[in-house]
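Containing TSV, N, CA and C atoms: run.tsv.
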```
chain	number	residue	atom	x	y	z
I	1	LYS	N	-92.84	14.78	-78.38
I	1	LYS	CA	-91.60	14.60	-77.62
I	1	LYS	C	-90.84	13.42	-78.23
I	2	LEU	N	-89.54	13.61	-78.44
I	2	LEU	CA	-88.71	12.55	-79.00
I	2	LEU	C	-88.40	11.48	-77.97
I	3	ASP	N	-88.39	10.23	-78.42
I	3	ASP	CA	-87.94	9.11	-77.61
I	3	ASP	C	-86.45	9.31	-77.34
I	4	VAL	N	-85.99	8.93	-76.14
I	4	VAL	CA	-84.58	9.13	-75.78
I	4	VAL	C	-83.64	8.45	-76.77
I	5	SER	N	-84.09	7.36	-77.41
I	5	SER	CA	-83.23	6.66	-78.37
I	5	SER	C	-83.14	7.40	-79.70
I	6	GLU	N	-83.92	8.48	-79.85
I	6	GLU	CA	-83.88	9.27	-81.08
I	6	GLU	C	-83.15	10.59	-80.89
I	7	SER	N	-82.81	10.92	-79.66
I	7	SER	CA	-82.14	12.18	-79.40
I	7	SER	C	-81.27	12.05	-78.15
I	8	TYR	N	-79.98	12.20	-78.32
I	8	TYR	CA	-79.01	12.18	-77.21
I	8	TYR	C	-78.88	10.83	-76.52
I	9	GLY	N	-79.24	9.75	-77.18
I	9	GLY	CA	-79.06	8.43	-76.60
I	9	GLY	C	-77.60	8.03	-76.63
I	10	ARG	N	-77.21	7.14	-75.70
I	10	ARG	CA	-75.84	6.63	-75.67
I	10	ARG	C	-75.71	5.45	-76.64
I	11	VAL	N	-74.75	5.54	-77.53
I	11	VAL	CA	-74.53	4.47	-78.50
I	11	VAL	C	-73.70	3.37	-77.83
I	12	ARG	N	-74.14	2.16	-78.00
I	12	ARG	CA	-73.43	0.99	-77.47
I	12	ARG	C	-73.02	0.10	-78.63
I	13	ARG	N	-71.97	-0.67	-78.39
I	13	ARG	CA	-71.44	-1.55	-79.43
I	13	ARG	C	-71.51	-2.99	-78.93
I	14	ALA	N	-71.99	-3.87	-79.80
I	14	ALA	CA	-71.98	-5.30	-79.52
I	14	ALA	C	-71.23	-5.98	-80.65
I	15	TYR	N	-70.32	-6.89	-80.29
I	15	TYR	CA	-69.54	-7.61	-81.29
I	15	TYR	C	-69.58	-9.09	-80.93
I	16	ASP	N	-69.77	-9.92	-81.94
I	16	ASP	CA	-69.77	-11.36	-81.73
I	16	ASP	C	-69.23	-12.02	-82.98
I	17	GLU	N	-68.60	-13.16	-82.80
I	17	GLU	CA	-68.07	-13.88	-83.96
I	17	GLU	C	-68.26	-15.38	-83.78
I	18	TYR	N	-68.24	-16.08	-84.89
I	18	TYR	CA	-68.38	-17.53	-84.92
I	18	TYR	C	-67.29	-18.07	-85.83
I	19	THR	N	-66.51	-19.02	-85.31
I	19	THR	CA	-65.49	-19.67	-86.12
I	19	THR	C	-66.05	-20.98	-86.64
I	20	ILE	N	-66.05	-21.12	-87.95
I	20	ILE	CA	-66.58	-22.35	-88.57
I	20	ILE	C	-65.64	-23.50	-88.22
I	21	PRO	N	-66.18	-24.59	-87.68
I	21	PRO	CA	-65.34	-25.73	-87.32
I	21	PRO	C	-64.64	-26.33	-88.55
I	22	THR	N	-63.46	-26.86	-88.36
I	22	THR	CA	-62.71	-27.49	-89.44
I	22	THR	C	-63.54	-28.61	-90.07
I	23	GLY	N	-63.58	-28.62	-91.40
I	23	GLY	CA	-64.31	-29.64	-92.13
I	23	GLY	C	-65.81	-29.42	-92.18
I	24	ASP	N	-66.29	-28.29	-91.65
I	24	ASP	CA	-67.73	-28.03	-91.60
I	24	ASP	C	-68.12	-27.10	-92.75
I	25	GLU	N	-69.14	-27.51	-93.47
I	25	GLU	CA	-69.65	-26.69	-94.57
I	25	GLU	C	-70.89	-25.90	-94.17
I	26	LEU	N	-71.41	-26.12	-92.98
I	26	LEU	CA	-72.64	-25.51	-92.47
I	26	LEU	C	-73.87	-25.89	-93.29
I	27	GLY	N	-73.70	-26.29	-94.53
I	27	GLY	CA	-74.81	-26.80	-95.34
I	27	GLY	C	-75.76	-25.74	-95.83
I	28	THR	N	-77.03	-26.10	-95.90
I	28	THR	CA	-78.02	-25.21	-96.50
I	28	THR	C	-79.08	-24.73	-95.53
I	29	SER	N	-78.96	-25.05	-94.26
I	29	SER	CA	-80.00	-24.61	-93.33
I	29	SER	C	-79.48	-24.34	-91.92
I	30	ALA	N	-78.22	-23.98	-91.79
I	30	ALA	CA	-77.66	-23.71	-90.46
I	30	ALA	C	-78.09	-22.34	-89.96
I	31	ILE	N	-78.30	-22.24	-88.67
I	31	ILE	CA	-78.56	-20.96	-88.01
I	31	ILE	C	-77.38	-20.70	-87.07
I	32	VAL	N	-76.72	-19.59	-87.28
I	32	VAL	CA	-75.61	-19.20	-86.40
I	32	VAL	C	-76.13	-18.04	-85.56
I	33	GLN	N	-76.20	-18.25	-84.24
I	33	GLN	CA	-76.70	-17.20	-83.35
I	33	GLN	C	-75.56	-16.32	-82.88
I	34	PHE	N	-75.82	-15.02	-82.96
I	34	PHE	CA	-74.86	-14.04	-82.48
I	34	PHE	C	-75.40	-13.44	-81.18
I	35	MET	N	-75.14	-12.19	-80.91
I	35	MET	CA	-75.52	-11.56	-79.65
I	35	MET	C	-77.03	-11.35	-79.56
I	36	LYS	N	-77.45	-11.07	-78.32
I	36	LYS	CA	-78.83	-10.64	-78.08
I	36	LYS	C	-78.79	-9.15	-77.78
I	37	LEU	N	-79.76	-8.44	-78.33
I	37	LEU	CA	-79.89	-7.02	-78.01
I	37	LEU	C	-80.98	-6.86	-76.97
I	38	PRO	N	-80.83	-5.91	-76.04
I	38	PRO	CA	-81.82	-5.74	-74.98
I	38	PRO	C	-83.11	-5.11	-75.48
I	39	LYS	N	-84.16	-5.30	-74.71
I	39	LYS	CA	-85.45	-4.66	-75.00
I	39	LYS	C	-85.23	-3.15	-75.17
I	40	GLY	N	-85.85	-2.57	-76.18
I	40	GLY	CA	-85.75	-1.14	-76.42
I	40	GLY	C	-84.56	-0.72	-77.27
I	41	ALA	N	-83.71	-1.67	-77.63
I	41	ALA	CA	-82.54	-1.33	-78.45
I	41	ALA	C	-82.98	-0.83	-79.83
I	42	ARG	N	-82.37	0.25	-80.27
I	42	ARG	CA	-82.61	0.80	-81.61
I	42	ARG	C	-81.30	0.70	-82.37
I	43	ILE	N	-81.30	-0.07	-83.47
I	43	ILE	CA	-80.09	-0.25	-84.27
I	43	ILE	C	-79.80	1.01	-85.08
I	44	VAL	N	-78.57	1.50	-84.97
I	44	VAL	CA	-78.18	2.67	-85.75
I	44	VAL	C	-77.10	2.34	-86.78
I	45	ASP	N	-76.41	1.21	-86.59
I	45	ASP	CA	-75.41	0.80	-87.57
I	45	ASP	C	-75.04	-0.66	-87.31
I	46	ALA	N	-74.54	-1.30	-88.34
I	46	ALA	CA	-74.10	-2.69	-88.21
I	46	ALA	C	-73.04	-2.98	-89.27
I	47	ARG	N	-72.26	-4.00	-88.98
I	47	ARG	CA	-71.20	-4.42	-89.90
I	47	ARG	C	-71.14	-5.94	-89.90
I	48	TRP	N	-71.03	-6.51	-91.08
I	48	TRP	CA	-70.93	-7.96	-91.26
I	48	TRP	C	-69.60	-8.26	-91.94
I	49	VAL	N	-68.84	-9.18	-91.37
I	49	VAL	CA	-67.59	-9.61	-91.98
I	49	VAL	C	-67.71	-11.10	-92.24
I	50	GLY	N	-67.62	-11.46	-93.52
I	50	GLY	CA	-67.73	-12.85	-93.92
I	50	GLY	C	-66.42	-13.37	-94.47
I	51	PRO	N	-66.28	-14.67	-94.53
I	51	PRO	CA	-65.01	-15.29	-94.91
I	51	PRO	C	-64.73	-15.26	-96.40
I	52	ASN	N	-63.51	-15.55	-96.74
I	52	ASN	CA	-63.09	-15.67	-98.13
I	52	ASN	C	-63.16	-17.15	-98.53
I	53	ILE	N	-64.33	-17.57	-98.95
I	53	ILE	CA	-64.54	-18.94	-99.39
I	53	ILE	C	-65.16	-18.91	-100.78
I	54	THR	N	-65.20	-20.04	-101.44
I	54	THR	CA	-65.60	-20.02	-102.84
I	54	THR	C	-67.10	-20.04	-103.07
I	55	ALA	N	-67.89	-20.49	-102.11
I	55	ALA	CA	-69.34	-20.53	-102.33
I	55	ALA	C	-70.07	-20.42	-101.01
I	56	GLY	N	-71.16	-19.70	-101.02
I	56	GLY	CA	-71.98	-19.61	-99.82
I	56	GLY	C	-72.75	-18.31	-99.76
I	57	ALA	N	-73.83	-18.32	-98.98
I	57	ALA	CA	-74.64	-17.12	-98.79
I	57	ALA	C	-75.32	-17.21	-97.42
I	58	ALA	N	-75.64	-16.07	-96.87
I	58	ALA	CA	-76.32	-16.03	-95.58
I	58	ALA	C	-77.24	-14.82	-95.53
I	59	ASN	N	-78.34	-14.98	-94.82
I	59	ASN	CA	-79.21	-13.86	-94.46
I	59	ASN	C	-78.87	-13.50	-93.03
I	60	ILE	N	-78.71	-12.23	-92.74
I	60	ILE	CA	-78.38	-11.81	-91.39
I	60	ILE	C	-79.53	-10.93	-90.89
I	61	GLY	N	-80.15	-11.38	-89.81
I	61	GLY	CA	-81.30	-10.68	-89.26
I	61	GLY	C	-81.53	-11.06	-87.82
I	62	TRP	N	-82.81	-11.29	-87.46
I	62	TRP	CA	-83.14	-11.61	-86.08
I	62	TRP	C	-84.29	-12.60	-86.00
I	63	ALA	N	-84.35	-13.28	-84.85
I	63	ALA	CA	-85.42	-14.22	-84.56
I	63	ALA	C	-86.60	-13.46	-83.95
I	64	ALA	N	-87.79	-14.05	-84.02
I	64	ALA	CA	-88.96	-13.47	-83.37
I	64	ALA	C	-88.69	-13.40	-81.86
I	65	ASN	N	-89.23	-12.39	-81.22
I	65	ASN	CA	-88.96	-12.21	-79.79
I	65	ASN	C	-90.22	-12.15	-78.94
I	66	GLY	N	-91.38	-12.47	-79.52
I	66	GLY	CA	-92.64	-12.41	-78.79
I	66	GLY	C	-93.37	-11.10	-79.00
I	67	VAL	N	-92.65	-10.08	-79.46
I	67	VAL	CA	-93.25	-8.78	-79.77
I	67	VAL	C	-93.02	-8.44	-81.23
I	68	ASP	N	-91.77	-8.55	-81.67
I	68	ASP	CA	-91.41	-8.26	-83.06
I	68	ASP	C	-91.31	-9.56	-83.83
I	69	ASP	N	-91.76	-9.53	-85.08
I	69	ASP	CA	-91.64	-10.70	-85.95
I	69	ASP	C	-90.18	-10.93	-86.33
I	70	ALA	N	-89.88	-12.17	-86.67
I	70	ALA	CA	-88.55	-12.50	-87.19
I	70	ALA	C	-88.35	-11.81	-88.53
I	71	ASP	N	-87.11	-11.48	-88.82
I	71	ASP	CA	-86.75	-10.92	-90.13
I	71	ASP	C	-85.39	-11.50	-90.48
I	72	ALA	N	-85.39	-12.55	-91.28
I	72	ALA	CA	-84.18	-13.31	-91.58
I	72	ALA	C	-83.10	-12.46	-92.24
I	73	ASP	N	-83.49	-11.45	-93.01
I	73	ASP	CA	-82.50	-10.62	-93.68
I	73	ASP	C	-82.68	-9.14	-93.33
I	74	GLY	N	-83.08	-8.88	-92.11
I	74	GLY	CA	-83.33	-7.50	-91.67
I	74	GLY	C	-82.09	-6.62	-91.62
I	75	LEU	N	-80.91	-7.25	-91.49
I	75	LEU	CA	-79.68	-6.47	-91.48
I	75	LEU	C	-78.97	-6.52	-92.83
I	76	PHE	N	-78.82	-7.72	-93.36
I	76	PHE	CA	-78.17	-7.90	-94.66
I	76	PHE	C	-78.85	-9.04	-95.40
I	77	ALA	N	-79.17	-8.84	-96.67
I	77	ALA	CA	-79.83	-9.87	-97.47
I	77	ALA	C	-78.82	-10.75	-98.18
I	78	ALA	N	-79.22	-11.98	-98.49
I	78	ALA	CA	-78.33	-12.95	-99.14
I	78	ALA	C	-77.73	-12.39	-100.43
I	79	ALA	N	-78.50	-11.58	-101.13
I	79	ALA	CA	-78.00	-11.05	-102.40
I	79	ALA	C	-76.74	-10.22	-102.22
I	80	VAL	N	-76.59	-9.61	-101.07
I	80	VAL	CA	-75.40	-8.78	-100.85
I	80	VAL	C	-74.36	-9.48	-99.99
I	81	THR	N	-74.67	-10.64	-99.46
I	81	THR	CA	-73.70	-11.32	-98.62
I	81	THR	C	-73.24	-12.64	-99.22
I	82	ALA	N	-73.41	-12.80	-100.52
I	82	ALA	CA	-72.88	-14.00	-101.16
I	82	ALA	C	-71.40	-14.06	-100.84
I	83	MET	N	-70.97	-15.17	-100.29
I	83	MET	CA	-69.60	-15.25	-99.78
I	83	MET	C	-68.65	-15.85	-100.81
I	84	SER	N	-68.65	-15.29	-102.00
I	84	SER	CA	-67.73	-15.76	-103.04
I	84	SER	C	-66.37	-15.09	-102.90
I	85	ALA	N	-66.29	-14.17	-102.00
I	85	ALA	CA	-65.03	-13.49	-101.65
I	85	ALA	C	-65.23	-12.91	-100.27
I	86	ALA	N	-64.17	-12.49	-99.63
I	86	ALA	CA	-64.29	-11.90	-98.30
I	86	ALA	C	-65.23	-10.70	-98.35
I	87	LYS	N	-66.07	-10.56	-97.34
I	87	LYS	CA	-67.03	-9.46	-97.29
I	87	LYS	C	-66.80	-8.62	-96.04
I	88	ASP	N	-66.98	-7.34	-96.19
I	88	ASP	CA	-66.95	-6.40	-95.09
I	88	ASP	C	-68.02	-5.37	-95.42
I	89	LEU	N	-69.22	-5.58	-94.89
I	89	LEU	CA	-70.38	-4.80	-95.29
I	89	LEU	C	-70.91	-3.95	-94.15
I	90	LYS	N	-71.45	-2.79	-94.49
I	90	LYS	CA	-72.08	-1.91	-93.53
I	90	LYS	C	-73.58	-1.87	-93.79
I	91	LEU	N	-74.34	-1.67	-92.72
I	91	LEU	CA	-75.79	-1.54	-92.80
I	91	LEU	C	-76.15	-0.33	-93.65
I	92	THR	N	-77.13	-0.48	-94.51
I	92	THR	CA	-77.60	0.65	-95.32
I	92	THR	C	-79.00	1.05	-94.87
I	93	ALA	N	-79.39	2.25	-95.23
I	93	ALA	CA	-80.69	2.79	-94.81
I	93	ALA	C	-81.86	2.05	-95.44
I	94	VAL	N	-81.65	1.24	-96.45
I	94	VAL	CA	-82.76	0.50	-97.06
I	94	VAL	C	-83.06	-0.81	-96.32
I	95	ALA	N	-82.19	-1.24	-95.42
I	95	ALA	CA	-82.43	-2.46	-94.65
I	95	ALA	C	-83.53	-2.20	-93.62
I	96	THR	N	-84.39	-3.21	-93.39
I	96	THR	CA	-85.47	-3.03	-92.41
I	96	THR	C	-84.93	-2.87	-91.00
I	97	GLY	N	-83.69	-3.30	-90.76
I	97	GLY	CA	-83.09	-3.16	-89.44
I	97	GLY	C	-82.56	-1.77	-89.14
I	98	TYR	N	-82.45	-0.94	-90.17
I	98	TYR	CA	-81.94	0.41	-89.95
I	98	TYR	C	-82.94	1.20	-89.11
I	99	ASN	N	-82.50	1.70	-87.98
I	99	ASN	CA	-83.32	2.47	-87.05
I	99	ASN	C	-84.45	1.65	-86.43
I	100	LYS	N	-84.32	0.32	-86.49
I	100	LYS	CA	-85.31	-0.59	-85.92
I	100	LYS	C	-85.21	-0.57	-84.40
I	101	LYS	N	-86.35	-0.43	-83.72
I	101	LYS	CA	-86.40	-0.49	-82.26
I	101	LYS	C	-87.12	-1.77	-81.87
I	102	PHE	N	-86.50	-2.56	-81.01
I	102	PHE	CA	-87.06	-3.85	-80.61
I	102	PHE	C	-87.89	-3.72	-79.34
I	103	GLY	N	-89.03	-4.41	-79.33
I	103	GLY	CA	-89.94	-4.37	-78.19
I	103	GLY	C	-89.61	-5.38	-77.11
I	104	ALA	N	-88.64	-6.25	-77.34
I	104	ALA	CA	-88.22	-7.25	-76.37
I	104	ALA	C	-86.78	-7.64	-76.68
I	105	GLU	N	-86.12	-8.33	-75.74
I	105	GLU	CA	-84.77	-8.82	-76.00
I	105	GLU	C	-84.79	-9.64	-77.29
I	106	THR	N	-83.79	-9.43	-78.14
I	106	THR	CA	-83.82	-10.00	-79.48
I	106	THR	C	-82.52	-10.69	-79.84
I	107	GLN	N	-82.65	-11.91	-80.37
I	107	GLN	CA	-81.51	-12.72	-80.81
I	107	GLN	C	-81.17	-12.37	-82.26
I	108	LEU	N	-79.95	-11.89	-82.50
I	108	LEU	CA	-79.49	-11.66	-83.87
I	108	LEU	C	-78.87	-12.95	-84.38
I	109	GLN	N	-79.05	-13.23	-85.66
I	109	GLN	CA	-78.59	-14.51	-86.19
I	109	GLN	C	-78.34	-14.44	-87.69
I	110	ALA	N	-77.57	-15.41	-88.15
I	110	ALA	CA	-77.33	-15.58	-89.59
I	110	ALA	C	-77.96	-16.90	-89.99
I	111	ALA	N	-78.79	-16.86	-91.00
I	111	ALA	CA	-79.39	-18.07	-91.56
I	111	ALA	C	-78.60	-18.41	-92.81
I	112	ILE	N	-77.85	-19.49	-92.74
I	112	ILE	CA	-77.00	-19.89	-93.86
I	112	ILE	C	-77.87	-20.58	-94.90
I	113	SER	N	-77.96	-19.98	-96.08
I	113	SER	CA	-78.79	-20.58	-97.12
I	113	SER	C	-77.98	-21.55	-97.97
I	114	THR	N	-76.69	-21.32	-98.06
I	114	THR	CA	-75.82	-22.29	-98.72
I	114	THR	C	-74.38	-21.96	-98.37
I	115	LEU	N	-73.69	-22.94	-97.86
I	115	LEU	CA	-72.27	-22.80	-97.60
I	115	LEU	C	-71.67	-24.18	-97.87
I	116	THR	N	-71.34	-24.39	-99.11
I	116	THR	CA	-70.94	-25.72	-99.56
I	116	THR	C	-69.44	-25.88	-99.70
I	117	ASP	N	-68.70	-24.86	-99.38
I	117	ASP	CA	-67.25	-24.93	-99.41
I	117	ASP	C	-66.78	-25.11	-97.97
I	118	ASP	N	-65.72	-25.85	-97.78
I	118	ASP	CA	-65.19	-26.03	-96.43
I	118	ASP	C	-64.66	-24.69	-95.94
I	119	GLY	N	-65.34	-24.13	-94.98
I	119	GLY	CA	-64.93	-22.85	-94.41
I	119	GLY	C	-64.26	-23.03	-93.06
I	120	GLY	N	-63.82	-24.23	-92.76
I	120	GLY	CA	-63.22	-24.52	-91.47
I	120	GLY	C	-62.14	-23.52	-91.08
I	121	GLY	N	-62.28	-22.96	-89.89
I	121	GLY	CA	-61.32	-21.98	-89.39
I	121	GLY	C	-61.65	-20.55	-89.75
I	122	GLU	N	-62.52	-20.36	-90.73
I	122	GLU	CA	-62.92	-18.99	-91.12
I	122	GLU	C	-63.90	-18.43	-90.09
I	123	LYS	N	-63.95	-17.10	-89.99
I	123	LYS	CA	-64.83	-16.44	-89.02
I	123	LYS	C	-65.96	-15.70	-89.69
I	124	LEU	N	-67.11	-15.77	-89.06
I	124	LEU	CA	-68.25	-14.92	-89.38
I	124	LEU	C	-68.34	-13.93	-88.23
I	125	ALA	N	-68.45	-12.65	-88.52
I	125	ALA	CA	-68.48	-11.66	-87.45
I	125	ALA	C	-69.60	-10.65	-87.67
I	126	LEU	N	-70.23	-10.26	-86.57
I	126	LEU	CA	-71.30	-9.27	-86.61
I	126	LEU	C	-71.02	-8.22	-85.53
I	127	GLU	N	-71.06	-6.97	-85.95
I	127	GLU	CA	-70.87	-5.84	-85.05
I	127	GLU	C	-72.10	-4.95	-85.18
I	128	VAL	N	-72.71	-4.59	-84.07
I	128	VAL	CA	-73.93	-3.79	-84.10
I	128	VAL	C	-73.77	-2.60	-83.14
I	129	PHE	N	-74.15	-1.45	-83.62
I	129	PHE	CA	-74.20	-0.25	-82.80
I	129	PHE	C	-75.66	0.07	-82.55
I	130	TYR	N	-76.01	0.28	-81.30
I	130	TYR	CA	-77.41	0.51	-80.97
I	130	TYR	C	-77.54	1.49	-79.80
I	131	ILE	N	-78.73	2.06	-79.69
I	131	ILE	CA	-79.05	2.97	-78.61
I	131	ILE	C	-80.16	2.32	-77.80
I	132	VAL	N	-80.01	2.32	-76.48
I	132	VAL	CA	-81.04	1.71	-75.67
I	132	VAL	C	-81.54	2.69	-74.60
I	133	ASP	N	-80.83	3.75	-74.36
I	133	ASP	CA	-81.27	4.78	-73.40
I	133	ASP	C	-80.65	6.11	-73.74
```
How does the structure come out when it is put into structure tokens?
Amino acid sequence: KLDVSESYGRVRRAYDEYTIPTGDELGTSAIVQFMKLPKGARIVDARWVGPNITAGAANIGWAANGVDDADADGLFAAAVTAMSAAKDLKLTAVATGYNKKFGAETQLQAAISTLTDDGGGEKLALEVFYIVD
């Protein structure tokens, strides 16, 4: 028998954004927290929009939730999110987050590995489509 999230589930959309404060470079170890997904959420699609700045990279994934391990780049890896130009990326089937079902409420986040250009006023945005019932 198929899980309801695999057949005829209702798709929900979550959108969150973070505006980089003026004069802030975020540095090399910032964590930007986005939305939380509810227990049982299965990710079916995601989109990452990054700023047009001259240098920087981020891993976009999730924090450990007590059931599922953390995966810093489960949605998008730093290699594809280098922010040397504006980015508008979609989740691909090779990402570990594709079709991932969470066993507990889960915090999605971006781990900034390097953002050394002043991105003040620029936005980081994450949009996730998921099925929970």
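For the residues I:Ser7, I:Tyr15, I:Pro21, I:Arg42, ranking by smallest atom-to-atom distance to Asn99 in chain I using all atoms listed in the file places I:Arg42 first.
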Near Phe76 in chain I, within 5 Å and counting all atoms listed in the file, which residues show up once chain neighbours fewer than 3 positions away are dropped, as number ranges by chain? I: 59-60, 73
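One finds atom C of Gly120 in chain I at 28.8 Å from atom C of Leu37 in chain I.
Neighbours of Val11 in chain I closer than or equal to 6.5 Å, with all atoms listed in the file counted and sequence neighbours fewer than 5 positions away skipped, come out as Phe129, Tyr130, Ile131 and Val132 of chain I.
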As a ChimeraX atom specification, please: every residue in range 7-130 of chain I that DSSP puts in strand (DSSP E). /I:11-19,31-37,42-50,57-62,71-76,87-90,106-114,123-130
Kindly extract all protein, DNA and RNA residues lying within 12 Å of the coordinates (-88.9, -12.6, -76.9) given in the file, considering only C-alpha atoms, and supply them as a list in words. Lys36, Leu37, Pro38, Lys39, Gly40, Trp62, Ala63, Ala64, Asn65, Gly66, Val67, Asp68, Asp69, Ala70, Phe102, Gly103, Ala104, Glu105, Thr106, Gln107 and Leu108 of chain I
Same residues, N, CA and C atoms, saved as a short mmCIF file (atom, residue, chain, number, x, y, z; two decimals), in the coordinates of the input:
```cif
data_model
loop_
_atom_site.label_atom_id
_atom_site.label_comp_id
_atom_site.auth_asym_id
_atom_site.auth_seq_id
_atom_site.Cartn_x
_atom_site.Cartn_y
_atom_site.Cartn_z
N LYS I 36 -77.45 -11.07 -78.32
CA LYS I 36 -78.83 -10.64 -78.08
C LYS I 36 -78.79 -9.15 -77.78
N LEU I 37 -79.76 -8.44 -78.33
CA LEU I 37 -79.89 -7.02 -78.01
C LEU I 37 -80.98 -6.86 -76.97
N PRO I 38 -80.83 -5.91 -76.04
CA PRO I 38 -81.82 -5.74 -74.98
C PRO I 38 -83.11 -5.11 -75.48
N LYS I 39 -84.16 -5.30 -74.71
CA LYS I 39 -85.45 -4.66 -75.00
C LYS I 39 -85.23 -3.15 -75.17
N GLY I 40 -85.85 -2.57 -76.18
CA GLY I 40 -85.75 -1.14 -76.42
C GLY I 40 -84.56 -0.72 -77.27
N TRP I 62 -82.81 -11.29 -87.46
CA TRP I 62 -83.14 -11.61 -86.08
C TRP I 62 -84.29 -12.60 -86.00
N ALA I 63 -84.35 -13.28 -84.85
CA ALA I 63 -85.42 -14.22 -84.56
C ALA I 63 -86.60 -13.46 -83.95
N ALA I 64 -87.79 -14.05 -84.02
CA ALA I 64 -88.96 -13.47 -83.37
C ALA I 64 -88.69 -13.40 -81.86
N ASN I 65 -89.23 -12.39 -81.22
CA ASN I 65 -88.96 -12.21 -79.79
C ASN I 65 -90.22 -12.15 -78.94
N GLY I 66 -91.38 -12.47 -79.52
CA GLY I 66 -92.64 -12.41 -78.79
C GLY I 66 -93.37 -11.10 -79.00
N VAL I 67 -92.65 -10.08 -79.46
CA VAL I 67 -93.25 -8.78 -79.77
C VAL I 67 -93.02 -8.44 -81.23
N ASP I 68 -91.77 -8.55 -81.67
CA ASP I 68 -91.41 -8.26 -83.06
C ASP I 68 -91.31 -9.56 -83.83
N ASP I 69 -91.76 -9.53 -85.08
CA ASP I 69 -91.64 -10.70 -85.95
C ASP I 69 -90.18 -10.93 -86.33
N ALA I 70 -89.88 -12.17 -86.67
CA ALA I 70 -88.55 -12.50 -87.19
C ALA I 70 -88.35 -11.81 -88.53
N PHE I 102 -86.50 -2.56 -81.01
CA PHE I 102 -87.06 -3.85 -80.61
C PHE I 102 -87.89 -3.72 -79.34
N GLY I 103 -89.03 -4.41 -79.33
CA GLY I 103 -89.94 -4.37 -78.19
C GLY I 103 -89.61 -5.38 -77.11
N ALA I 104 -88.64 -6.25 -77.34
CA ALA I 104 -88.22 -7.25 -76.37
C ALA I 104 -86.78 -7.64 -76.68
N GLU I 105 -86.12 -8.33 -75.74
CA GLU I 105 -84.77 -8.82 -76.00
C GLU I 105 -84.79 -9.64 -77.29
N THR I 106 -83.79 -9.43 -78.14
CA THR I 106 -83.82 -10.00 -79.48
C THR I 106 -82.52 -10.69 -79.84
N GLN I 107 -82.65 -11.91 -80.37
CA GLN I 107 -81.51 -12.72 -80.81
C GLN I 107 -81.17 -12.37 -82.26
N LEU I 108 -79.95 -11.89 -82.50
CA LEU I 108 -79.49 -11.66 -83.87
C LEU I 108 -78.87 -12.95 -84.38
#
```
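Atom to atom, atom C of Ala57 in chain I and CA of Ala30 in chain I stand 9.8 Å apart.
Proximity to Ile43 in chain I was assessed for I:Ala93, I:Ile112, I:Ala77, I:Ala125 counting only C-alpha atoms; the smallest distance is recorded for I:Ala93.
Using only C-alpha atoms for every distance, the candidate list I:Ala46, I:Ala41, I:Met35, I:Val94 yields I:Ala41 as the residue closest to Arg10 in chain I.
Using only C-alpha atoms for every distance, the candidate list I:Gly61, I:Val128, I:Trp48, I:Ala95 yields I:Val128 as the residue closest to Arg12 in chain I.
Residue nearest Leu124 in chain I within the list I:Gly9, I:Phe34, I:Gly50, I:Ala72: I:Gly50 [criterion: smallest interatomic distance, only N, CA and C atoms].
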